[in-house]
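The block underneath contains the structure these notes are about, expressed in structure tokens.
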Amino acid sequence: MPMDSRPHDVLPRGMKNTNNTCWINTALQSLIYIPEIYHLIIRLDKLNLNPEQFPITTGLAETFANIPLSTTKQKAFINCHTLPAFVPTTILDFMAKNQEAANQFTLGQQHDVQEFLSFIIEQLHNELKTEDTRSTTKQEEGEWMEVSAKGYNVINEINETTSLISAICGGRERSLIRGLSKKGSLTIQPYFMLHLPLPPYARKANPPTLQDCFDIMTTNESLEGNTSRVVKLESPLPKILFLQLKRFQISSKGQIRKKNSRIQFSHQLFIDPSWVSPSLSSRNQQFKYELLQVIIHSGASWETGHYSVYVKHPEVHDKWIHLDDERQTVVSKKDIETLNPYMFIYRR
């Protein structure tokens, strides 16, 4: 099934917060406003899939059906507050009845939106597989010359599974671990979301940037036992890039604390050659992403905070919509630049 990237001019419609469900509402609104995912779910819904075999796919289809398409570009904003909010009942029922979901998420309690988004995407991936899982281990000579000019690297390729959803937001990363010897173990594994560390410092006059977070992730990290790790992005880079900032950290006393460090970001993200593997950087290609969504977390703790999402309208230039449970507000591009995000969704 080919990927459909056409703009979809959907009317903003709120979702009711039924006892701490802002993390569910935010994740669902995010998926609705990703054209490739929206079109995929709508097309699959026409196949009359069995809800027992495809509970997330059919649940999302029923949720998406509650979001009508607008007939003109401006109508989506003129009628921003006229549609009544609804409850995504099918998804809530799935969360209550599915054992795997119930083990990870308790309805009525606050949870991390990125964990729920990851769960939904993984479930879609499992439901929409197009190729069986395979794991391979092989020896490869000289791919990463900094490991050893003459030695071999152990290359571990893990969970190379393809699906209709991995074709949209699935990527691969290389994790190279080296000890005192020059040889190293290189693991290639898939991802649906990148988790970026925050810089260990804060600059009030000139805050760190999203690029700084990528630099830290892809630079040598010291591990225990005189070992180090380097992470690089591998081909292919995903069409939709989910990014999460590691704002919640566990203290030495086991307490979860939030870092509110200000991170500067742009509406365009250029993938720096230093962030990718040698085989990808040697192609001399420029990988450019456009900002599609920003998810924010308000509050000092993930247990008591609140999530909402800002989405870029696919048709109206420089207009964004803030979807906050039942509320929808039209904002400008400049308003987005003042946010302190928890997650970014970029589109290539």
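Every chain in the structure tokens takes a letter, A first, then B, and so on in the order presented; its residues are numbered from 1, and the ligands are numbered from 1 following the presented order.
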Can you list, as a ChimeraX atom specification, every protein, DNA or RNA residue that comes within 6 Å of Val10 of chain A when you count only C-alpha atoms, leaving out same-chain residues fewer than 2 positions away?
-> /A:8,68-70
Could I get the residues of segment 282-321 of chain A with an atom no further than 12 Å from an atom of segment 233-247 of chain A, each paired with its nearest atom pair and that distance in Å to one decimal, using only C-alpha atoms, sorted by chain and residue number, as CSV?
```
residue,atom,partner,partner_atom,distance
A:Ser282,CA,A:Ser235,CA,11.6
A:Arg283,CA,A:Ser235,CA,10.8
A:Gln285,CA,A:Ser235,CA,11.6
A:Gln286,CA,A:Leu237,CA,11.5
A:Phe287,CA,A:Leu237,CA,8.5
A:Lys288,CA,A:Lys239,CA,10.4
A:Tyr289,CA,A:Leu241,CA,8.3
A:Glu290,CA,A:Ile240,CA,9.7
A:Leu291,CA,A:Leu241,CA,9.5
A:Leu292,CA,A:Ile240,CA,9.0
A:Gln293,CA,A:Phe242,CA,9.5
A:Val294,CA,A:Leu243,CA,9.7
A:Ile295,CA,A:Gln244,CA,9.2
A:Ile296,CA,A:Gln244,CA,10.4
A:His297,CA,A:Arg247,CA,9.7
A:Ser298,CA,A:Arg247,CA,11.8
A:Gly299,CA,A:Arg247,CA,11.7
A:Ala300,CA,A:Arg247,CA,10.3
A:Ser301,CA,A:Arg247,CA,9.8
A:Trp302,CA,A:Arg247,CA,9.6
```
Quick one: everything within 9 Å of Leu164 of chain A, counting only C-alpha atoms, minus sequence neighbours fewer than 4 positions away in the same chain. Send it as number ranges by chain.
-> A: 1-3, 40, 124-125, 128-130, 168
Select, from A:Asn48, A:Asn103, A:Ser222, A:Gln211, the residue with the minimum atom-to-atom distance to Phe265 of chain A, counting only C-alpha atoms.
->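 Nearest to Phe265 of chain A: A:Gln211.
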Atom-to-atom span, atom CA of Arg327 of chain A and atom CA of Leu44 of chain A, Å = 29.3 Å
